[in-house]
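Containing TSV, C-alpha atoms: start10.tsv.
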chain	number	residue	atom	x	y	z
A	274	MET	CA	21.28	80.10	8.43
A	275	LEU	CA	19.26	76.96	7.60
A	276	CYS	CA	22.41	75.17	6.44
A	277	PHE	CA	23.58	75.08	10.06
A	278	LEU	CA	20.51	73.03	10.98
A	279	ARG	CA	21.39	70.09	8.74
A	280	GLY	CA	22.33	66.91	10.55
A	281	MET	CA	23.76	67.73	13.98
A	282	ALA	CA	25.60	70.87	12.87
A	283	PHE	CA	23.51	73.06	15.17
A	284	VAL	CA	25.33	71.55	18.19
A	285	PRO	CA	28.87	72.89	17.50
A	286	PHE	CA	27.35	76.05	15.99
A	287	LEU	CA	25.46	76.75	19.22
A	288	LEU	CA	28.57	75.90	21.26
A	289	VAL	CA	30.70	78.38	19.30
A	290	THR	CA	28.19	81.24	19.38
A	291	TRP	CA	27.17	80.73	23.01
A	292	SER	CA	30.75	80.44	24.31
A	293	SER	CA	31.88	83.50	22.36
A	294	ALA	CA	28.93	85.43	23.78
A	295	ALA	CA	29.77	84.21	27.31
A	296	PHE	CA	33.32	85.57	27.12
A	297	ILE	CA	32.39	88.83	25.43
A	298	ILE	CA	29.31	89.69	27.53
A	299	SER	CA	31.07	88.94	30.83
A	300	TYR	CA	34.05	91.03	29.75
A	301	VAL	CA	31.93	94.00	28.67
A	302	VAL	CA	29.82	93.97	31.85
A	303	ALA	CA	32.90	93.64	34.08
A	304	VAL	CA	34.69	96.51	32.33
A	305	LEU	CA	31.65	98.80	32.28
A	306	SER	CA	31.06	98.06	35.98
A	307	GLY	CA	34.66	99.06	36.74
A	308	HIS	CA	35.49	95.67	38.25
A	309	VAL	CA	38.42	94.83	35.94
A	310	ASN	CA	40.99	96.67	33.90
A	311	PRO	CA	40.02	96.49	30.21
A	312	PHE	CA	43.61	95.54	29.31
A	313	LEU	CA	44.05	91.76	29.51
A	314	PRO	CA	42.12	90.54	32.53
A	315	TYR	CA	41.98	86.80	33.06
A	316	ILE	CA	38.79	85.26	31.69
A	317	SER	CA	37.83	84.30	35.24
A	318	ASP	CA	38.37	87.91	36.40
A	319	THR	CA	35.41	88.91	34.24
A	320	GLY	CA	33.15	86.50	36.13
A	321	THR	CA	34.16	87.10	39.74
A	322	THR	CA	32.06	90.07	40.90
A	323	PRO	CA	28.26	90.53	40.62
A	324	PRO	CA	26.47	91.13	38.29
A	325	GLU	CA	28.86	89.58	35.76
A	326	SER	CA	29.53	86.58	38.01
A	327	GLY	CA	25.94	85.39	37.55
A	328	ILE	CA	26.14	85.85	33.78
A	329	PHE	CA	29.50	84.10	33.62
A	330	GLY	CA	28.44	81.16	35.79
A	331	PHE	CA	25.19	80.53	33.91
A	332	MET	CA	26.70	80.85	30.44
A	333	ILE	CA	29.85	78.82	31.12
A	334	ASN	CA	27.79	76.03	32.71
A	335	PHE	CA	25.72	75.81	29.54
A	336	SER	CA	28.88	75.99	27.42
A	337	ALA	CA	30.22	72.98	29.34
A	338	PHE	CA	27.01	71.09	28.56
A	339	LEU	CA	27.18	72.05	24.87
A	340	GLY	CA	30.86	71.07	24.81
A	341	ALA	CA	30.04	67.63	26.20
A	342	ALA	CA	27.20	67.22	23.68
A	343	THR	CA	29.49	68.22	20.81
A	344	MET	CA	32.25	65.85	21.91
A	345	TYR	CA	29.87	62.93	22.34
A	346	THR	CA	28.31	63.56	18.93
A	347	ARG	CA	31.77	63.76	17.39
A	348	TYR	CA	32.66	60.46	19.12
A	349	LYS	CA	29.61	58.72	17.65
A	350	ILE	CA	30.29	60.14	14.17
A	351	VAL	CA	33.91	58.92	14.21
A	352	GLU	CA	32.79	55.56	15.60
A	353	LYS	CA	30.34	55.09	12.72
A	354	GLN	CA	32.88	56.25	10.15
A	355	ASN	CA	35.44	53.82	11.54
A	356	GLN	CA	32.96	50.95	11.30
A	357	THR	CA	32.27	51.85	7.67
A	358	CYS	CA	35.94	52.12	6.73
A	359	TYR	CA	38.49	51.25	9.42
A	360	PHE	CA	41.18	53.92	9.88
A	361	SER	CA	41.99	54.02	13.61
A	362	THR	CA	41.75	51.95	16.78
A	363	PRO	CA	38.45	52.70	18.61
A	364	VAL	CA	40.38	53.21	21.87
A	365	PHE	CA	41.92	56.38	20.43
A	366	ASN	CA	38.48	57.86	19.85
A	367	LEU	CA	37.30	56.79	23.32
A	368	VAL	CA	40.32	58.30	25.10
A	369	SER	CA	39.70	61.54	23.25
A	370	LEU	CA	36.08	61.58	24.41
A	371	VAL	CA	36.97	60.88	28.05
A	372	LEU	CA	39.57	63.64	28.13
A	373	GLY	CA	37.15	66.04	26.49
A	374	LEU	CA	34.43	65.28	29.05
A	375	VAL	CA	36.90	65.76	31.90
A	376	GLY	CA	37.70	69.15	30.40
A	377	CYS	CA	33.98	69.99	30.40
A	378	ILE	CA	33.78	69.04	34.08
A	379	GLY	CA	36.66	71.46	34.63
A	380	MET	CA	34.63	74.18	32.91
A	381	GLY	CA	31.75	73.48	35.29
A	382	ILE	CA	34.10	73.82	38.26
A	383	VAL	CA	35.38	77.15	36.92
A	384	ALA	CA	31.81	78.39	36.49
A	385	ASN	CA	30.63	77.40	39.98
A	386	PHE	CA	33.70	78.05	42.16
A	387	GLN	CA	34.75	81.65	41.75
A	388	GLU	CA	38.33	82.80	41.56
A	389	LEU	CA	38.51	84.84	44.76
A	390	ALA	CA	36.16	82.68	46.85
A	391	VAL	CA	37.84	79.27	46.42
A	392	PRO	CA	40.97	79.86	44.31
A	393	VAL	CA	42.44	76.36	44.71
A	394	VAL	CA	39.29	74.64	43.44
A	395	HIS	CA	38.78	77.24	40.71
A	396	ASP	CA	42.38	76.94	39.50
A	397	GLY	CA	42.17	73.15	39.56
A	398	GLY	CA	39.07	73.28	37.36
A	399	ALA	CA	40.76	75.70	34.97
A	400	LEU	CA	43.80	73.41	34.73
A	401	LEU	CA	41.55	70.46	33.88
A	402	ALA	CA	39.62	72.45	31.30
A	403	PHE	CA	42.63	73.85	29.50
A	404	VAL	CA	44.99	70.85	29.60
A	405	CYS	CA	42.35	68.22	28.78
A	406	GLY	CA	40.88	70.53	26.14
A	407	VAL	CA	44.22	70.99	24.40
A	408	VAL	CA	44.97	67.25	24.44
A	409	TYR	CA	41.47	66.63	23.06
A	410	THR	CA	42.12	68.92	20.08
A	411	VAL	CA	45.45	67.21	19.38
A	412	LEU	CA	43.89	63.74	19.44
A	413	GLN	CA	41.00	64.85	17.24
A	414	SER	CA	43.47	66.37	14.78
A	415	VAL	CA	45.31	63.06	14.56
A	416	ILE	CA	41.99	61.25	14.02
A	417	SER	CA	41.16	63.76	11.27
A	418	TYR	CA	44.41	62.97	9.45
A	419	LYS	CA	43.79	59.23	9.80
A	420	SER	CA	40.31	59.58	8.29
A	421	CYS	CA	41.50	61.80	5.42
A	422	PRO	CA	40.55	61.98	2.56
A	423	GLN	CA	37.38	59.91	2.91
A	424	TRP	CA	35.87	61.80	5.84
A	425	ASN	CA	37.91	65.02	6.02
A	426	SER	CA	39.63	67.31	3.54
A	427	LEU	CA	43.37	67.79	3.93
A	428	SER	CA	42.88	71.55	4.43
A	429	THR	CA	40.53	70.90	7.36
A	430	CYS	CA	43.13	68.58	8.90
A	431	HIS	CA	45.82	71.24	8.54
A	432	ILE	CA	43.61	73.91	10.10
A	433	ARG	CA	42.78	71.68	13.07
A	434	MET	CA	46.41	70.75	13.65
A	435	ALA	CA	47.49	74.40	13.37
A	436	ILE	CA	44.96	75.43	16.01
A	437	SER	CA	46.08	72.52	18.21
A	438	ALA	CA	49.73	73.53	17.82
A	439	VAL	CA	49.03	77.15	18.77
A	440	SER	CA	46.98	76.01	21.77
A	441	CYS	CA	49.77	73.66	22.88
A	442	ALA	CA	52.32	76.44	22.52
A	443	ALA	CA	50.15	78.81	24.57
A	444	VAL	CA	49.02	76.51	27.37
A	445	VAL	CA	52.56	75.84	28.66
A	446	PRO	CA	53.57	79.50	29.33
A	447	MET	CA	50.02	80.14	30.57
A	448	ILE	CA	50.44	77.56	33.34
A	449	ALA	CA	54.10	78.42	34.02
A	450	CYS	CA	53.52	82.16	34.37
A	451	ALA	CA	50.33	81.75	36.38
A	452	SER	CA	52.18	79.51	38.85
A	453	LEU	CA	54.77	82.27	39.40
A	454	ILE	CA	52.14	84.82	40.49
A	455	SER	CA	52.17	85.12	44.27
A	456	ILE	CA	48.67	86.57	44.77
A	457	THR	CA	45.21	86.28	43.20
A	458	LYS	CA	43.75	89.72	42.46
A	459	LEU	CA	41.65	91.61	39.92
A	460	GLU	CA	43.49	94.93	39.70
A	461	TRP	CA	47.09	95.04	38.47
A	462	ASN	CA	49.66	97.81	38.41
A	463	PRO	CA	52.36	97.64	35.71
A	464	ARG	CA	54.97	98.41	38.38
A	465	GLU	CA	54.21	95.25	40.36
A	466	LYS	CA	56.78	92.49	40.14
A	467	ASP	CA	54.29	89.81	39.02
A	468	TYR	CA	52.63	92.02	36.39
A	469	ILE	CA	54.58	90.60	33.44
A	470	TYR	CA	53.63	87.06	34.48
A	471	HIS	CA	49.99	88.12	34.61
A	472	VAL	CA	50.14	89.68	31.13
A	473	VAL	CA	51.81	86.66	29.52
A	474	SER	CA	49.50	84.13	31.16
A	475	ALA	CA	46.39	86.22	30.35
A	476	ILE	CA	47.38	86.50	26.67
A	477	CYS	CA	47.94	82.76	26.52
A	478	GLU	CA	44.66	82.03	28.33
A	479	TRP	CA	42.59	84.07	25.86
A	480	THR	CA	44.53	82.46	22.98
A	481	VAL	CA	43.74	78.93	24.15
A	482	ALA	CA	40.09	79.76	24.92
A	483	PHE	CA	39.42	81.19	21.48
A	484	GLY	CA	41.52	78.40	19.98
A	485	PHE	CA	38.91	75.98	21.33
A	486	ILE	CA	36.14	78.08	19.79
A	487	PHE	CA	37.77	78.15	16.36
A	488	TYR	CA	38.51	74.43	16.62
A	489	PHE	CA	34.89	73.50	17.25
A	490	LEU	CA	33.93	75.78	14.38
A	491	THR	CA	35.69	73.30	12.07
A	492	PHE	CA	33.27	70.56	13.22
A	493	ILE	CA	30.23	72.26	11.69
A	494	GLN	CA	30.76	70.96	8.16
A	495	ASP	CA	31.48	67.42	9.41
A	496	PHE	CA	28.31	67.44	11.50
A	497	GLN	CA	26.29	68.63	8.48
A	498	VAL	CA	27.52	65.84	6.25
A	499	ASN	CA	27.95	63.03	8.75
A	500	GLY	CA	25.51	63.94	11.50
A	501	ARG	CA	23.07	61.24	10.38
A	502	VAL	CA	25.53	58.39	9.80

Here is the file; what I need is its structure written in the form of structure tokens.
Amino acid sequence: MLCFLRGMAFVPFLLVTWSSAAFIISYVVAVLSGHVNPFLPYISDTGTTPPESGIFGFMINFSAFLGAATMYTRYKIVEKQNQTCYFSTPVFNLVSLVLGLVGCIGMGIVANFQELAVPVVHDGGALLAFVCGVVYTVLQSVISYKSCPQWNSLSTCHIRMAISAVSCAAVVPMIACASLISITKLEWNPREKDYIYHVVSAICEWTVAFGFIFYFLTFIQDFQVNGRV
């Protein structure tokens, strides 16, 4: 456990564990309370009704803060590495940071504007979080390749790009299918005409969300080694 405390590695480690707990705890409480069907609810469905709405809002807000802290730390690490041995234009790193922070703002919107209360605002925040988050992972994967092999191993680069590719592949049908659903609701019947759209978009949403978690997991080693540069 102490190895995670070296350098700044505790930041992505805390982000990964806290965010995973946020999704799982909200889901379990929502299902046990009978507020959602255990089979493929949207992530936001598990944070719409009290008491899970309070848990979801608090934990996702803190996840957004941890995400911003992780992205800023990553930005500073890459900046220092690039000054030591130039491998990429600084603008690339800056654009990545800005998009990542916008995604974190989207997470905050999702946490504070609930799905059934203000669906337009909530959906807008979710769109920001997912789209900006996916683009952030792609840009960071490219930066990883550019800084390889001095600052990253080739296997780490491949893992990051694979996660980015899966997230990219999932975010498009997630948005497309969600846009085809005519009503926002928590309970779904398999006989309803929009049910298949709900299932596909929910699968893709969970895939992208945990894709982010696994992606930030790959930062831990970098933050251990380079967190003090």

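Atom CA of A:Val289 to atom CA of A:Ile486 spans 5.5 Å [interatomic distance, one decimal].
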
task: Find the residues near A:Gly320: any atom within 8 Å, counting all atoms listed in the file, skip ones fewer than 6 places away on the same chain, and give them as a VMD selection string.
output: chain A and resid 299 to 300 303 326 to 330 387

One-decimal distance in Å that lies between atom CA of A:Val407 and atom CA of A:Pro446: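 Taking atom CA of A:Pro446 and atom CA of A:Val407, their separation equals 13.6 Å.
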
task: Find the residue from A:Ile378, A:Val304, A:Val439, A:Val415 that sits nearest to A:Ala341; use only C-alpha atoms when measuring.
output: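 Among the listed residues, the smallest separation from A:Ala341 belongs to A:Ile378.
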
A:Leu453, A:Leu370, A:Ile382, A:Ala295 ranked by distance to A:Asp467, top pick (using only C-alpha atoms):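 Checking each of A:Leu453, A:Leu370, A:Ile382, A:Ala295 against A:Asp467, counting only C-alpha atoms, the winner is A:Leu453.
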
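Once A:Cys377 and its same-chain neighbours fewer than 4 positions away are set aside, A:Ala337, A:Phe338, A:Gly340, A:Ala341, A:Gly373, A:Gly381, A:Ala402 remain within 8 Å of it when counting only C-alpha atoms.
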
task: Go through A:Val481, A:Ile469, A:Val351, A:Lys458 and flag the residue nearest A:Cys421, using all atoms listed in the file for the distances.
output: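 Residue with the minimum atom-to-atom distance to A:Cys421: A:Val351.
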
task: Rank A:Val408, A:Leu427, A:Val473, A:Leu305 by their smallest atom-to-atom distance to A:Cys441, using all atoms listed in the file, and report the top residue only.
output: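 Closest to A:Cys441 of all the choices is A:Val408.
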
message: Between atom CA of A:Val302 and atom CA of A:Val383, what is the distance in Å, rounded to a tenth?
response: 18.4 Å

query: If you count all atoms listed in the file, which residues fall within 10 Å of A:Val498, apart from same-chain ones fewer than 6 positions away, as a PyMOL selection string?
result: chain A and resi 279-282+424

query: Which residue, A:Asp318, A:Asp495, A:Glu325, A:Glu352, has the smallest gap to A:Ser426 when you use all atoms listed in the file?
result: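 Among the listed residues, A:Asp495 lies closest to A:Ser426.
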
- prompt: Counting only C-alpha atoms, which of A:Ser428, A:Gln423, A:Ser437, A:Ser417 gets nearest to A:Phe365?
  reply: A:Ser417

Near A:Phe386, counting all atoms listed in the file, which residues have an atom at most 9 Å away, once you skip same-chain residues fewer than 5 positions from it, shown as a tab-separated table (two decimals) with C-alpha atoms, in the coordinates of the input?
chain	number	residue	atom	x	y	z
A	330	GLY	CA	28.44	81.16	35.79
A	381	GLY	CA	31.75	73.48	35.29
A	391	VAL	CA	37.84	79.27	46.42
A	392	PRO	CA	40.97	79.86	44.31
A	394	VAL	CA	39.29	74.64	43.44
A	395	HIS	CA	38.78	77.24	40.71
A	398	GLY	CA	39.07	73.28	37.36

task: Identify, on the basis of only C-alpha atoms, every residue whose closest approach to A:Met447 does not exceed 10 Å; exclude the query and any residue fewer than 5 positions from it along the same chain; express the result as a list in words.
output: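 Near A:Met447, the qualifying residues are Phe403, Ala442, Ser452, Tyr470, His471, Val472, Val473, Ser474, Ala475, Ile476, Cys477, Glu478, Trp479, Thr480 and Val481 of chain A.
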
Generate a file for stretch 307-457 of chain A, containing C-alpha atoms, as an mmCIF file, in the first residue's frame.
data_model
loop_
_atom_site.group_PDB
_atom_site.id
_atom_site.type_symbol
_atom_site.label_atom_id
_atom_site.label_comp_id
_atom_site.auth_asym_id
_atom_site.auth_seq_id
_atom_site.Cartn_x
_atom_site.Cartn_y
_atom_site.Cartn_z
ATOM 1 C CA GLY A 307 -36.188 -0.786 -5.466
ATOM 2 C CA HIS A 308 -35.684 2.462 -7.380
ATOM 3 C CA VAL A 309 -34.021 0.940 -10.465
ATOM 4 C CA ASN A 310 -33.990 -2.354 -12.287
ATOM 5 C CA PRO A 311 -30.729 -4.182 -11.514
ATOM 6 C CA PHE A 312 -30.273 -4.944 -15.234
ATOM 7 C CA LEU A 313 -28.418 -2.086 -16.937
ATOM 8 C CA PRO A 314 -29.712 1.154 -15.482
ATOM 9 C CA TYR A 315 -28.018 4.331 -16.623
ATOM 10 C CA ILE A 316 -25.354 5.506 -14.190
ATOM 11 C CA SER A 317 -27.436 8.615 -13.536
ATOM 12 C CA ASP A 318 -30.504 6.454 -12.790
ATOM 13 C CA THR A 319 -28.678 5.176 -9.710
ATOM 14 C CA GLY A 320 -28.344 8.720 -8.373
ATOM 15 C CA THR A 321 -31.783 10.172 -9.035
ATOM 16 C CA THR A 322 -33.902 9.183 -6.021
ATOM 17 C CA PRO A 323 -33.095 9.662 -2.303
ATOM 18 C CA PRO A 324 -31.172 8.282 -0.470
ATOM 19 C CA GLU A 325 -28.815 7.302 -3.297
ATOM 20 C CA SER A 326 -29.083 10.746 -4.903
ATOM 21 C CA GLY A 327 -27.252 12.305 -1.950
ATOM 22 C CA ILE A 328 -24.543 9.634 -2.055
ATOM 23 C CA PHE A 329 -24.177 9.980 -5.821
ATOM 24 C CA GLY A 330 -24.035 13.778 -5.784
ATOM 25 C CA PHE A 331 -21.455 13.976 -2.995
ATOM 26 C CA MET A 332 -19.204 11.249 -4.371
ATOM 27 C CA ILE A 333 -19.308 12.367 -8.016
ATOM 28 C CA ASN A 334 -18.561 15.964 -7.005
ATOM 29 C CA PHE A 335 -15.442 14.775 -5.198
ATOM 30 C CA SER A 336 -14.562 12.531 -8.153
ATOM 31 C CA ALA A 337 -14.708 15.606 -10.395
ATOM 32 C CA PHE A 338 -12.307 17.405 -8.049
ATOM 33 C CA LEU A 339 -9.944 14.414 -7.961
ATOM 34 C CA GLY A 340 -10.158 14.151 -11.756
ATOM 35 C CA ALA A 341 -9.160 17.804 -12.134
ATOM 36 C CA ALA A 342 -6.289 17.341 -9.663
ATOM 37 C CA THR A 343 -5.064 14.255 -11.526
ATOM 38 C CA MET A 344 -5.228 15.988 -14.909
ATOM 39 C CA TYR A 345 -3.416 19.076 -13.672
ATOM 40 C CA THR A 346 -0.695 16.958 -12.059
ATOM 41 C CA ARG A 347 -0.344 14.969 -15.276
ATOM 42 C CA TYR A 348 -0.080 18.261 -17.200
ATOM 43 C CA LYS A 349 2.746 19.492 -14.962
ATOM 44 C CA ILE A 350 4.581 16.151 -15.186
ATOM 45 C CA VAL A 351 4.421 16.146 -19.005
ATOM 46 C CA GLU A 352 5.442 19.807 -19.079
ATOM 47 C CA LYS A 353 8.545 19.079 -16.999
ATOM 48 C CA GLN A 354 9.391 15.990 -19.038
ATOM 49 C CA ASN A 355 9.070 17.986 -22.253
ATOM 50 C CA GLN A 356 11.417 20.659 -20.912
ATOM 51 C CA THR A 357 13.970 17.977 -20.027
ATOM 52 C CA CYS A 358 13.746 16.245 -23.406
ATOM 53 C CA TYR A 359 11.519 17.849 -26.041
ATOM 54 C CA PHE A 360 9.068 15.411 -27.638
ATOM 55 C CA SER A 361 5.850 17.366 -28.290
ATOM 56 C CA THR A 362 4.526 20.899 -28.704
ATOM 57 C CA PRO A 363 3.377 22.299 -25.314
ATOM 58 C CA VAL A 364 0.062 23.368 -26.882
ATOM 59 C CA PHE A 365 -0.897 19.703 -27.273
ATOM 60 C CA ASN A 366 -0.505 19.141 -23.545
ATOM 61 C CA LEU A 367 -2.418 22.346 -22.728
ATOM 62 C CA VAL A 368 -5.355 21.486 -25.011
ATOM 63 C CA SER A 369 -5.544 18.088 -23.359
ATOM 64 C CA LEU A 370 -5.694 19.706 -19.913
ATOM 65 C CA VAL A 371 -8.403 22.192 -20.915
ATOM 66 C CA LEU A 372 -10.594 19.470 -22.414
ATOM 67 C CA GLY A 373 -10.085 17.314 -19.346
ATOM 68 C CA LEU A 374 -11.100 20.138 -17.006
ATOM 69 C CA VAL A 375 -14.195 20.847 -19.096
ATOM 70 C CA GLY A 376 -15.075 17.170 -18.716
ATOM 71 C CA CYS A 377 -14.713 17.513 -14.933
ATOM 72 C CA ILE A 378 -17.076 20.499 -14.995
ATOM 73 C CA GLY A 379 -19.505 18.247 -16.864
ATOM 74 C CA MET A 380 -19.207 15.692 -14.053
ATOM 75 C CA GLY A 381 -20.072 18.408 -11.544
ATOM 76 C CA ILE A 382 -23.159 19.321 -13.565
ATOM 77 C CA VAL A 383 -24.237 15.670 -13.656
ATOM 78 C CA ALA A 384 -23.791 15.410 -9.885
ATOM 79 C CA ASN A 385 -25.765 18.562 -9.042
ATOM 80 C CA PHE A 386 -28.551 18.586 -11.657
ATOM 81 C CA GLN A 387 -30.468 15.339 -11.425
ATOM 82 C CA GLU A 388 -31.751 13.420 -14.395
ATOM 83 C CA LEU A 389 -35.492 13.754 -13.797
ATOM 84 C CA ALA A 390 -35.434 17.261 -12.287
ATOM 85 C CA VAL A 391 -33.557 19.132 -15.040
ATOM 86 C CA PRO A 392 -32.896 16.604 -17.820
ATOM 87 C CA VAL A 393 -31.583 19.097 -20.396
ATOM 88 C CA VAL A 394 -28.909 20.460 -18.051
ATOM 89 C CA HIS A 395 -28.071 16.990 -16.741
ATOM 90 C CA ASP A 396 -27.733 15.538 -20.247
ATOM 91 C CA GLY A 397 -25.613 18.488 -21.347
ATOM 92 C CA GLY A 398 -23.247 17.883 -18.442
ATOM 93 C CA ALA A 399 -23.067 14.174 -19.249
ATOM 94 C CA LEU A 400 -22.268 14.967 -22.891
ATOM 95 C CA LEU A 401 -19.438 17.271 -21.813
ATOM 96 C CA ALA A 402 -18.063 14.721 -19.364
ATOM 97 C CA PHE A 403 -18.070 11.791 -21.754
ATOM 98 C CA VAL A 404 -17.003 13.499 -24.992
ATOM 99 C CA CYS A 405 -14.288 15.676 -23.439
ATOM 100 C CA GLY A 406 -13.147 12.735 -21.318
ATOM 101 C CA VAL A 407 -12.759 10.468 -24.333
ATOM 102 C CA VAL A 408 -10.867 13.113 -26.317
ATOM 103 C CA TYR A 409 -8.634 13.669 -23.274
ATOM 104 C CA THR A 410 -7.687 9.979 -23.165
ATOM 105 C CA VAL A 411 -6.910 9.971 -26.893
ATOM 106 C CA LEU A 412 -4.665 13.035 -26.611
ATOM 107 C CA GLN A 413 -2.894 11.634 -23.568
ATOM 108 C CA SER A 414 -2.326 8.364 -25.417
ATOM 109 C CA VAL A 415 -0.701 10.245 -28.285
ATOM 110 C CA ILE A 416 1.477 12.149 -25.803
ATOM 111 C CA SER A 417 2.457 8.829 -24.216
ATOM 112 C CA TYR A 418 3.628 7.470 -27.575
ATOM 113 C CA LYS A 419 5.577 10.666 -28.269
ATOM 114 C CA SER A 420 7.363 10.408 -24.915
ATOM 115 C CA CYS A 421 8.148 6.701 -25.328
ATOM 116 C CA PRO A 422 10.534 5.088 -24.440
ATOM 117 C CA GLN A 423 12.123 7.696 -22.169
ATOM 118 C CA TRP A 424 9.061 8.427 -20.031
ATOM 119 C CA ASN A 425 6.667 5.568 -20.846
ATOM 120 C CA SER A 426 6.980 1.902 -21.728
ATOM 121 C CA LEU A 427 5.564 0.789 -25.060
ATOM 122 C CA SER A 428 3.180 -1.616 -23.302
ATOM 123 C CA THR A 429 1.722 1.255 -21.260
ATOM 124 C CA CYS A 430 1.214 3.240 -24.457
ATOM 125 C CA HIS A 431 -0.586 0.311 -26.085
ATOM 126 C CA ILE A 432 -2.836 -0.175 -23.057
ATOM 127 C CA ARG A 433 -3.773 3.502 -22.987
ATOM 128 C CA MET A 434 -4.518 3.605 -26.694
ATOM 129 C CA ALA A 435 -6.576 0.400 -26.464
ATOM 130 C CA ILE A 436 -8.702 1.876 -23.679
ATOM 131 C CA SER A 437 -9.081 5.093 -25.687
ATOM 132 C CA ALA A 438 -10.147 3.145 -28.777
ATOM 133 C CA VAL A 439 -12.772 1.166 -26.852
ATOM 134 C CA SER A 440 -14.081 4.374 -25.258
ATOM 135 C CA CYS A 441 -14.273 6.081 -28.664
ATOM 136 C CA ALA A 442 -16.101 3.097 -30.107
ATOM 137 C CA ALA A 443 -18.578 3.113 -27.213
ATOM 138 C CA VAL A 444 -19.282 6.825 -26.885
ATOM 139 C CA VAL A 445 -20.723 7.175 -30.409
ATOM 140 C CA PRO A 446 -23.527 4.556 -30.089
ATOM 141 C CA MET A 447 -24.088 5.752 -26.515
ATOM 142 C CA ILE A 448 -24.955 9.250 -27.730
ATOM 143 C CA ALA A 449 -26.787 8.056 -30.860
ATOM 144 C CA CYS A 450 -29.034 5.592 -29.026
ATOM 145 C CA ALA A 451 -29.700 7.953 -26.127
ATOM 146 C CA SER A 452 -30.827 10.639 -28.589
ATOM 147 C CA LEU A 453 -33.384 8.208 -30.054
ATOM 148 C CA ILE A 454 -35.098 7.631 -26.693
ATOM 149 C CA SER A 455 -38.294 9.665 -26.537
ATOM 150 C CA ILE A 456 -38.729 9.799 -22.742
ATOM 151 C CA THR A 457 -36.540 9.978 -19.628
#
